[in-house]
Structure formats: C-alpha cells, structure tokens
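So this one's target33.cif, mmCIF, N, CA and C atoms:
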data_run
#
loop_
_atom_site.label_atom_id
_atom_site.label_comp_id
_atom_site.auth_asym_id
_atom_site.auth_seq_id
_atom_site.Cartn_x
_atom_site.Cartn_y
_atom_site.Cartn_z
N MET I 8 18.79 -2.18 61.66
CA MET I 8 18.43 -3.16 62.66
C MET I 8 17.61 -2.47 63.76
N GLU I 9 16.48 -3.01 64.06
CA GLU I 9 15.62 -2.44 65.10
C GLU I 9 16.11 -2.87 66.49
N VAL I 10 16.30 -1.89 67.39
CA VAL I 10 16.71 -2.15 68.78
C VAL I 10 15.85 -1.25 69.68
N PRO I 11 14.66 -1.72 70.07
CA PRO I 11 13.78 -0.89 70.90
C PRO I 11 14.43 -0.47 72.22
N ASN I 12 14.21 0.79 72.59
CA ASN I 12 14.80 1.36 73.80
C ASN I 12 14.21 0.84 75.10
N ASP I 13 13.00 0.27 75.04
CA ASP I 13 12.33 -0.14 76.28
C ASP I 13 12.67 -1.59 76.69
N LEU I 14 13.62 -2.21 76.00
CA LEU I 14 13.98 -3.60 76.29
C LEU I 14 15.41 -3.68 76.82
N LEU I 15 15.73 -4.83 77.43
CA LEU I 15 17.10 -5.15 77.83
C LEU I 15 17.57 -6.28 76.92
N TYR I 16 18.90 -6.45 76.80
CA TYR I 16 19.45 -7.38 75.82
C TYR I 16 20.60 -8.20 76.40
N THR I 17 20.87 -9.35 75.74
CA THR I 17 22.03 -10.17 76.11
C THR I 17 23.02 -10.16 74.95
N ARG I 18 24.24 -10.59 75.24
CA ARG I 18 25.25 -10.73 74.18
C ARG I 18 24.95 -11.95 73.30
N GLU I 19 24.01 -12.79 73.72
CA GLU I 19 23.60 -13.93 72.91
C GLU I 19 22.38 -13.57 72.04
N HIS I 20 22.00 -12.28 72.05
CA HIS I 20 20.97 -11.73 71.18
C HIS I 20 19.54 -12.09 71.59
N GLU I 21 19.31 -12.25 72.90
CA GLU I 21 17.94 -12.33 73.40
C GLU I 21 17.55 -10.96 73.92
N TRP I 22 16.25 -10.69 73.90
CA TRP I 22 15.73 -9.45 74.50
C TRP I 22 14.83 -9.80 75.67
N VAL I 23 14.68 -8.82 76.59
CA VAL I 23 13.86 -9.00 77.79
C VAL I 23 12.99 -7.77 77.97
N ARG I 24 11.67 -7.98 78.10
CA ARG I 24 10.74 -6.89 78.41
C ARG I 24 10.24 -7.15 79.83
N VAL I 25 10.52 -6.21 80.74
CA VAL I 25 10.14 -6.37 82.14
C VAL I 25 8.86 -5.60 82.43
N LYS I 26 7.91 -6.29 83.06
CA LYS I 26 6.69 -5.65 83.50
C LYS I 26 6.31 -6.29 84.83
N ASP I 27 6.30 -5.47 85.89
CA ASP I 27 6.07 -5.96 87.24
C ASP I 27 7.12 -7.03 87.56
N ASN I 28 6.70 -8.23 87.95
CA ASN I 28 7.66 -9.29 88.28
C ASN I 28 7.76 -10.32 87.17
N LYS I 29 7.38 -9.92 85.95
CA LYS I 29 7.40 -10.83 84.80
C LYS I 29 8.39 -10.31 83.75
N ALA I 30 8.97 -11.27 83.04
CA ALA I 30 9.88 -10.92 81.95
C ALA I 30 9.46 -11.70 80.72
N THR I 31 9.20 -11.00 79.63
CA THR I 31 8.92 -11.63 78.35
C THR I 31 10.24 -11.66 77.59
N ILE I 32 10.52 -12.80 76.94
CA ILE I 32 11.83 -13.01 76.32
C ILE I 32 11.65 -13.49 74.88
N GLY I 33 12.51 -12.98 74.01
CA GLY I 33 12.53 -13.41 72.62
C GLY I 33 13.93 -13.22 72.06
N ILE I 34 14.06 -13.35 70.74
CA ILE I 34 15.35 -13.08 70.11
C ILE I 34 15.26 -11.76 69.35
N THR I 35 16.38 -11.12 69.22
CA THR I 35 16.42 -9.78 68.63
C THR I 35 16.23 -9.81 67.11
N ASP I 36 15.94 -8.64 66.58
CA ASP I 36 15.82 -8.45 65.14
C ASP I 36 17.13 -8.88 64.47
N PHE I 37 18.25 -8.52 65.08
CA PHE I 37 19.55 -8.91 64.54
C PHE I 37 19.65 -10.44 64.48
N ALA I 38 19.27 -11.13 65.56
CA ALA I 38 19.38 -12.59 65.61
C ALA I 38 18.52 -13.25 64.55
N GLN I 39 17.27 -12.82 64.44
CA GLN I 39 16.39 -13.45 63.45
C GLN I 39 16.90 -13.20 62.03
N ASP I 40 17.49 -12.03 61.80
CA ASP I 40 18.04 -11.71 60.49
C ASP I 40 19.22 -12.62 60.16
N GLN I 41 20.08 -12.87 61.15
CA GLN I 41 21.23 -13.75 60.95
C GLN I 41 20.81 -15.20 60.73
N LEU I 42 19.75 -15.62 61.43
CA LEU I 42 19.28 -17.00 61.31
C LEU I 42 18.64 -17.30 59.97
N GLY I 43 17.95 -16.32 59.41
CA GLY I 43 17.17 -16.57 58.20
C GLY I 43 15.79 -17.08 58.58
N ASP I 44 15.11 -17.74 57.67
CA ASP I 44 13.73 -18.16 57.90
C ASP I 44 13.64 -19.20 59.00
N VAL I 45 12.96 -18.84 60.09
CA VAL I 45 12.79 -19.74 61.23
C VAL I 45 11.71 -20.77 60.89
N VAL I 46 12.04 -22.05 61.09
CA VAL I 46 11.10 -23.13 60.75
C VAL I 46 10.62 -23.90 61.97
N PHE I 47 11.28 -23.72 63.13
CA PHE I 47 10.89 -24.45 64.33
C PHE I 47 11.45 -23.75 65.56
N VAL I 48 10.64 -23.69 66.64
CA VAL I 48 11.09 -23.13 67.91
C VAL I 48 10.76 -24.15 69.00
N GLU I 49 11.80 -24.62 69.68
CA GLU I 49 11.62 -25.53 70.81
C GLU I 49 11.57 -24.69 72.08
N GLN I 50 10.52 -24.91 72.89
CA GLN I 50 10.33 -24.12 74.11
C GLN I 50 10.23 -25.05 75.33
N PRO I 51 10.56 -24.52 76.50
CA PRO I 51 10.38 -25.32 77.72
C PRO I 51 8.90 -25.37 78.10
N LYS I 52 8.57 -26.26 78.99
CA LYS I 52 7.19 -26.33 79.49
C LYS I 52 6.98 -25.27 80.57
N PRO I 53 5.77 -24.68 80.64
CA PRO I 53 5.49 -23.78 81.75
C PRO I 53 5.74 -24.49 83.07
N GLY I 54 6.30 -23.76 84.03
CA GLY I 54 6.64 -24.34 85.32
C GLY I 54 8.11 -24.71 85.43
N THR I 55 8.81 -24.74 84.28
CA THR I 55 10.24 -25.07 84.28
C THR I 55 11.03 -23.98 84.99
N GLU I 56 11.90 -24.37 85.92
CA GLU I 56 12.79 -23.43 86.60
C GLU I 56 14.06 -23.27 85.77
N LEU I 57 14.44 -22.05 85.48
CA LEU I 57 15.64 -21.78 84.69
C LEU I 57 16.63 -20.97 85.50
N THR I 58 17.90 -21.25 85.31
CA THR I 58 18.94 -20.41 85.89
C THR I 58 19.53 -19.56 84.76
N ARG I 59 20.01 -18.40 85.13
CA ARG I 59 20.58 -17.49 84.14
C ARG I 59 21.67 -18.20 83.33
N ASP I 60 21.66 -17.99 82.04
CA ASP I 60 22.61 -18.54 81.08
C ASP I 60 22.37 -20.01 80.72
N ALA I 61 21.36 -20.64 81.32
CA ALA I 61 21.04 -22.03 80.98
C ALA I 61 20.32 -22.07 79.63
N THR I 62 20.53 -23.14 78.88
CA THR I 62 19.82 -23.32 77.62
C THR I 62 18.36 -23.62 77.93
N PHE I 63 17.44 -22.91 77.29
CA PHE I 63 16.02 -23.17 77.54
C PHE I 63 15.26 -23.60 76.30
N GLY I 64 15.90 -23.61 75.16
CA GLY I 64 15.23 -24.01 73.94
C GLY I 64 16.14 -23.86 72.74
N VAL I 65 15.54 -24.03 71.57
CA VAL I 65 16.28 -24.00 70.32
C VAL I 65 15.45 -23.28 69.26
N VAL I 66 16.13 -22.52 68.42
CA VAL I 66 15.50 -21.93 67.24
C VAL I 66 16.18 -22.57 66.04
N GLU I 67 15.36 -23.17 65.18
CA GLU I 67 15.88 -23.82 63.99
C GLU I 67 15.45 -23.02 62.77
N SER I 68 16.42 -22.73 61.91
CA SER I 68 16.11 -21.99 60.68
C SER I 68 16.56 -22.82 59.49
N VAL I 69 16.32 -22.30 58.31
CA VAL I 69 16.76 -23.00 57.10
C VAL I 69 18.28 -23.07 57.04
N LYS I 70 18.97 -22.15 57.75
CA LYS I 70 20.43 -22.10 57.72
C LYS I 70 21.10 -22.89 58.85
N THR I 71 20.51 -22.85 60.07
CA THR I 71 21.23 -23.34 61.24
C THR I 71 20.29 -23.64 62.40
N VAL I 72 20.85 -24.18 63.47
CA VAL I 72 20.12 -24.40 64.71
C VAL I 72 20.87 -23.62 65.79
N SER I 73 20.14 -22.83 66.58
CA SER I 73 20.77 -22.03 67.63
C SER I 73 20.09 -22.27 68.97
N ASP I 74 20.91 -22.43 70.01
CA ASP I 74 20.38 -22.55 71.36
C ASP I 74 19.87 -21.20 71.84
N LEU I 75 18.88 -21.25 72.73
CA LEU I 75 18.37 -20.07 73.41
C LEU I 75 18.87 -20.12 74.85
N PHE I 76 19.34 -19.00 75.37
CA PHE I 76 19.89 -18.94 76.72
C PHE I 76 19.05 -18.04 77.59
N ALA I 77 18.75 -18.50 78.81
CA ALA I 77 17.95 -17.71 79.74
C ALA I 77 18.74 -16.48 80.17
N PRO I 78 18.19 -15.29 79.93
CA PRO I 78 18.90 -14.07 80.33
C PRO I 78 18.82 -13.81 81.83
N ILE I 79 17.86 -14.46 82.50
CA ILE I 79 17.66 -14.30 83.94
C ILE I 79 17.25 -15.65 84.53
N SER I 80 17.30 -15.73 85.85
CA SER I 80 16.79 -16.91 86.55
C SER I 80 15.31 -16.70 86.86
N GLY I 81 14.57 -17.81 86.91
CA GLY I 81 13.16 -17.72 87.26
C GLY I 81 12.39 -18.92 86.75
N LYS I 82 11.07 -18.82 86.87
CA LYS I 82 10.19 -19.91 86.46
C LYS I 82 9.43 -19.51 85.21
N VAL I 83 9.39 -20.41 84.22
CA VAL I 83 8.64 -20.16 82.99
C VAL I 83 7.15 -20.15 83.34
N SER I 84 6.49 -19.04 83.07
CA SER I 84 5.06 -18.92 83.39
C SER I 84 4.18 -19.10 82.15
N ALA I 85 4.76 -18.89 80.97
CA ALA I 85 3.99 -19.05 79.73
C ALA I 85 4.96 -19.23 78.57
N VAL I 86 4.47 -19.92 77.53
CA VAL I 86 5.22 -20.03 76.27
C VAL I 86 4.30 -19.55 75.15
N ASN I 87 4.90 -19.09 74.08
CA ASN I 87 4.13 -18.60 72.94
C ASN I 87 3.71 -19.80 72.08
N THR I 88 2.52 -20.32 72.35
CA THR I 88 2.03 -21.51 71.63
C THR I 88 1.78 -21.23 70.15
N GLU I 89 1.63 -19.95 69.78
CA GLU I 89 1.46 -19.58 68.36
C GLU I 89 2.65 -20.04 67.52
N LEU I 90 3.83 -20.13 68.15
CA LEU I 90 5.04 -20.47 67.41
C LEU I 90 5.04 -21.92 66.93
N GLU I 91 4.22 -22.78 67.56
CA GLU I 91 4.15 -24.18 67.12
C GLU I 91 3.67 -24.25 65.67
N ALA I 92 2.64 -23.49 65.35
CA ALA I 92 2.09 -23.49 63.99
C ALA I 92 2.71 -22.42 63.10
N LYS I 93 3.22 -21.35 63.73
CA LYS I 93 3.74 -20.22 62.95
C LYS I 93 5.11 -19.77 63.47
N PRO I 94 6.15 -20.59 63.34
CA PRO I 94 7.47 -20.18 63.83
C PRO I 94 8.00 -18.93 63.13
N GLU I 95 7.46 -18.64 61.94
CA GLU I 95 7.92 -17.47 61.19
C GLU I 95 7.58 -16.15 61.89
N LEU I 96 6.73 -16.19 62.93
CA LEU I 96 6.45 -14.97 63.70
C LEU I 96 7.73 -14.40 64.31
N VAL I 97 8.69 -15.27 64.60
CA VAL I 97 9.98 -14.81 65.13
C VAL I 97 10.66 -13.89 64.12
N ASN I 98 10.52 -14.19 62.83
CA ASN I 98 11.09 -13.34 61.78
C ASN I 98 10.24 -12.10 61.54
N GLN I 99 8.94 -12.29 61.47
CA GLN I 99 8.04 -11.21 61.09
C GLN I 99 7.87 -10.15 62.18
N SER I 100 7.91 -10.58 63.43
CA SER I 100 7.61 -9.67 64.54
C SER I 100 8.40 -10.06 65.78
N PRO I 101 9.74 -9.96 65.74
CA PRO I 101 10.55 -10.48 66.84
C PRO I 101 10.27 -9.85 68.19
N TYR I 102 9.80 -8.60 68.21
CA TYR I 102 9.60 -7.92 69.49
C TYR I 102 8.16 -7.92 69.99
N SER I 103 7.24 -8.51 69.24
CA SER I 103 5.86 -8.56 69.74
C SER I 103 5.29 -9.96 69.55
N ASP I 104 4.71 -10.26 68.38
CA ASP I 104 4.07 -11.57 68.18
C ASP I 104 5.05 -12.73 68.24
N GLY I 105 6.33 -12.48 68.02
CA GLY I 105 7.33 -13.54 67.99
C GLY I 105 8.03 -13.79 69.31
N TRP I 106 7.46 -13.30 70.43
CA TRP I 106 8.06 -13.58 71.75
C TRP I 106 8.10 -15.09 71.96
N ILE I 107 9.00 -15.56 72.82
CA ILE I 107 9.18 -17.00 72.99
C ILE I 107 8.67 -17.51 74.33
N ILE I 108 9.13 -16.90 75.44
CA ILE I 108 8.65 -17.32 76.76
C ILE I 108 8.39 -16.12 77.64
N GLU I 109 7.62 -16.37 78.70
CA GLU I 109 7.43 -15.39 79.77
C GLU I 109 7.88 -16.07 81.06
N MET I 110 8.59 -15.32 81.89
CA MET I 110 9.10 -15.87 83.14
C MET I 110 8.72 -15.00 84.32
N GLU I 111 8.58 -15.64 85.49
CA GLU I 111 8.53 -14.92 86.75
C GLU I 111 9.99 -14.66 87.11
N ILE I 112 10.30 -13.41 87.39
CA ILE I 112 11.69 -13.05 87.69
C ILE I 112 12.09 -13.64 89.03
N GLY I 113 13.14 -14.48 89.02
CA GLY I 113 13.61 -15.14 90.23
C GLY I 113 14.57 -14.27 91.03
N ASN I 114 15.42 -13.51 90.34
CA ASN I 114 16.42 -12.68 91.00
C ASN I 114 16.54 -11.38 90.21
N SER I 115 16.01 -10.31 90.75
CA SER I 115 16.01 -9.05 90.00
C SER I 115 17.42 -8.52 89.74
N LYS I 116 18.41 -8.99 90.49
CA LYS I 116 19.79 -8.57 90.25
C LYS I 116 20.29 -9.06 88.88
N ASP I 117 19.69 -10.14 88.36
CA ASP I 117 20.06 -10.63 87.03
C ASP I 117 19.84 -9.55 85.98
N LEU I 118 18.84 -8.72 86.19
CA LEU I 118 18.52 -7.66 85.22
C LEU I 118 19.67 -6.67 85.08
N ASP I 119 20.44 -6.49 86.18
CA ASP I 119 21.56 -5.55 86.15
C ASP I 119 22.67 -6.00 85.21
N GLU I 120 22.69 -7.30 84.88
CA GLU I 120 23.73 -7.85 84.01
C GLU I 120 23.41 -7.67 82.52
N LEU I 121 22.18 -7.26 82.22
CA LEU I 121 21.75 -7.14 80.83
C LEU I 121 22.16 -5.80 80.22
N LEU I 122 22.17 -5.75 78.90
CA LEU I 122 22.58 -4.56 78.17
C LEU I 122 21.38 -3.65 77.89
N THR I 123 21.62 -2.36 77.94
CA THR I 123 20.61 -1.40 77.49
C THR I 123 20.57 -1.44 75.96
N ALA I 124 19.57 -0.81 75.38
CA ALA I 124 19.49 -0.74 73.91
C ALA I 124 20.74 -0.09 73.33
N GLU I 125 21.21 0.96 73.97
CA GLU I 125 22.40 1.66 73.49
C GLU I 125 23.63 0.75 73.55
N ALA I 126 23.79 0.03 74.66
CA ALA I 126 24.94 -0.87 74.81
C ALA I 126 24.85 -2.03 73.84
N TYR I 127 23.64 -2.55 73.61
CA TYR I 127 23.48 -3.66 72.67
C TYR I 127 23.79 -3.20 71.24
N SER I 128 23.32 -2.02 70.88
CA SER I 128 23.63 -1.47 69.55
C SER I 128 25.13 -1.33 69.36
N ALA I 129 25.82 -0.84 70.39
CA ALA I 129 27.28 -0.70 70.33
C ALA I 129 27.94 -2.08 70.23
N PHE I 130 27.39 -3.07 70.94
CA PHE I 130 27.94 -4.43 70.92
C PHE I 130 27.87 -5.02 69.51
N ILE I 131 26.72 -4.92 68.85
CA ILE I 131 26.63 -5.53 67.52
C ILE I 131 27.46 -4.74 66.51
N LYS I 132 27.64 -3.45 66.75
CA LYS I 132 28.50 -2.65 65.88
C LYS I 132 29.96 -3.06 66.05
N GLU I 133 30.37 -3.27 67.32
CA GLU I 133 31.75 -3.72 67.64
C GLU I 133 32.07 -5.04 66.96
N GLN I 134 31.08 -5.90 66.91
CA GLN I 134 31.28 -7.22 66.32
C GLN I 134 31.31 -7.15 64.80
N GLY I 135 31.12 -5.94 64.27
CA GLY I 135 31.08 -5.77 62.82
C GLY I 135 29.83 -6.41 62.24
N GLN I 136 28.78 -6.41 63.08
CA GLN I 136 27.58 -7.14 62.72
C GLN I 136 26.39 -6.22 62.52
N ASP I 137 26.63 -4.96 62.32
CA ASP I 137 25.50 -4.04 62.18
C ASP I 137 25.20 -3.80 60.72
#

Structure encoded using structure tokens:
Amino acid sequence: MEVPNDLLYTREHEWVRVKDNKATIGITDFAQDQLGDVVFVEQPKPGTELTRDATFGVVESVKTVSDLFAPISGKVSAVNTELEAKPELVNQSPYSDGWIIEMEIGNSKDLDELLTAEAYSAFIKEQGQD
C-alpha cells in the first residue's frame, strides 16, 4: 500500500497535501483499493464552506458507496472536473490525477489533528487492513 510521506491522513482514509494556505484532498491508495473500481465521484461546488468532519461528497464504486469527510475546515476553491468523465483516476492515481477537491485552509489547527504517514500506516496495520 502506498503511503507518501509528504501527506497528512485521516482515519476515514482521506489524504491532505498542504501548500501555502491551500489543501488538496483525495482518498488514499488503501481506500481506493478497498472500494474497487470507482464509477462516480460526487463533489461540492467551489465556494462551499466546509467544517472539519462534515460530509462533502460521495465515492461510488462497483462494490459500495462511501461518504467523503472534510479533514479540515475551509472553503472549497476547486474540484477535479476530470473525475466527471474519468472517475477511475481515483483508482489509477489516487495521490495525483485522482485528487478530489482543493480547499483554502480555514483553521490551520485542524492540520494538527491529522495523521502523519507513519501514524496512518500504523493505523491501517492495527485495523488488520494492511
């Protein structure tokens, strides 16, 4: 399972890439593997204000439907429109082309609640999910 060191993670299997005051968010390699072939991604509209832990969208696969949870509070500044035509990018490239939303960070303290790559790896191992 790929767990890049330069990202932060949630226990709900989202990842966060922080650059300046922006956060790019997607689902982890582990999550996409568990879901199977992704066939649809529901995203919020740019400008949507999200609070940490709020549902912001849905990933639908051939196996199941899973809610997406905001790892931080802030305003959605962009969505990955490529996913409308190619939701499989979430499977093929979860950490780059398969990103889901970009947010302006509302409260940088939210970042302190996220897991490091090492902690996330230990978390999925603890769950017997590695």

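Here the question is which of I:Asn98, I:Ser80, I:Thr123, I:Gln39 gets nearest to Leu57 of chain I using only N, CA and C atoms, and that residue is I:Ser80.
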
Residues in the PyMOL selection byres ((chain I and resi 28-36) around 5), expressed as a list of chain:residue names: I:His20, I:Glu21, I:Trp22, I:Val23, I:Arg24, I:Val25, I:Lys26, I:Asp27, I:Phe37, I:Ala38, I:Gln39, I:Asp40, I:Trp106, I:Ile107, I:Ile108, I:Glu109, I:Met110, I:Glu111, I:Ile112

Two-atom distance - atom CA of Ile131 of chain I, atom CA of Glu9 of chain I (Å): 11.7 Å

Sel. within 6 Å of pt (5.2, -18.6, 82.5), counting only N, CA and C atoms, output as a ChimeraX atom specification: /I:53-54,82-86,109-111

Target residues per the PyMOL selection byres ((chain I and resi 48) around 5), formatted as number ranges by chain: I: 46-47, 49-50, 65-67

Find the spatial neighbours of Leu96 of chain I, counting all atoms listed in the file, within a cut-off of 6 Å - ignore same-chain residues fewer than 5 positions away - and output them as a PDB file with N, CA and C atoms, in the coordinates of the input.
ATOM      1  N   PRO I 101       9.740  -9.960  65.740  1.00  0.00           N
ATOM      2  CA  PRO I 101      10.550 -10.480  66.840  1.00  0.00           C
ATOM      3  C   PRO I 101      10.270  -9.850  68.190  1.00  0.00           C
ATOM      4  N   ASP I 104       4.710 -10.260  68.380  1.00  0.00           N
ATOM      5  CA  ASP I 104       4.070 -11.570  68.180  1.00  0.00           C
ATOM      6  C   ASP I 104       5.050 -12.730  68.240  1.00  0.00           C
ATOM      7  N   GLY I 105       6.330 -12.480  68.020  1.00  0.00           N
ATOM      8  CA  GLY I 105       7.330 -13.540  67.990  1.00  0.00           C
ATOM      9  C   GLY I 105       8.030 -13.790  69.310  1.00  0.00           C
TER      10      GLY I 105
END

Residues flagged strand (DSSP E or B) by DSSP in segment 17-116 of chain I, as a ChimeraX atom specification: /I:21-26,29-34,45-49,56-57,62-68,72-76,81-86,108-112

6.5 Å contact set for Leu121 of chain I, all atoms listed in the file, chain neighbours under 2 positions out, as a VMD selection string: chain I and resid 15 to 17 117 to 119 123

Residue members of the PyMOL selection byres (((chain I and resi 75 and name CA) around 7) and name CA) in the file shown, as a PyMOL selection string: chain I and resi 62-65+73-74+76-77

Sel. of helix (DSSP H, G or I) residues, segment 74-130 of chain I, as a ChimeraX atom specification: /I:89-92,96-99,115-120,124-130

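Remark: for Gly113 of chain I, the closest of the candidate residues I:Val69, I:Ile79, I:Leu14, I:Met8 is I:Ile79 (distances computed over all atoms listed in the file).
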
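Picture a line from atom C of Asp60 of chain I to atom N of Pro78 of chain I; it runs 6.4 Å.
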
For atom CA of Glu56 of chain I and atom CA of Leu122 of chain I, the interatomic separation in Å (one decimal): 22.9 Å

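Taking only N, CA and C atoms into account, Thr55 of chain I lies nearest to I:Gly81 out of the set I:Glu95, I:Gly81, I:Phe130, I:Ala124.
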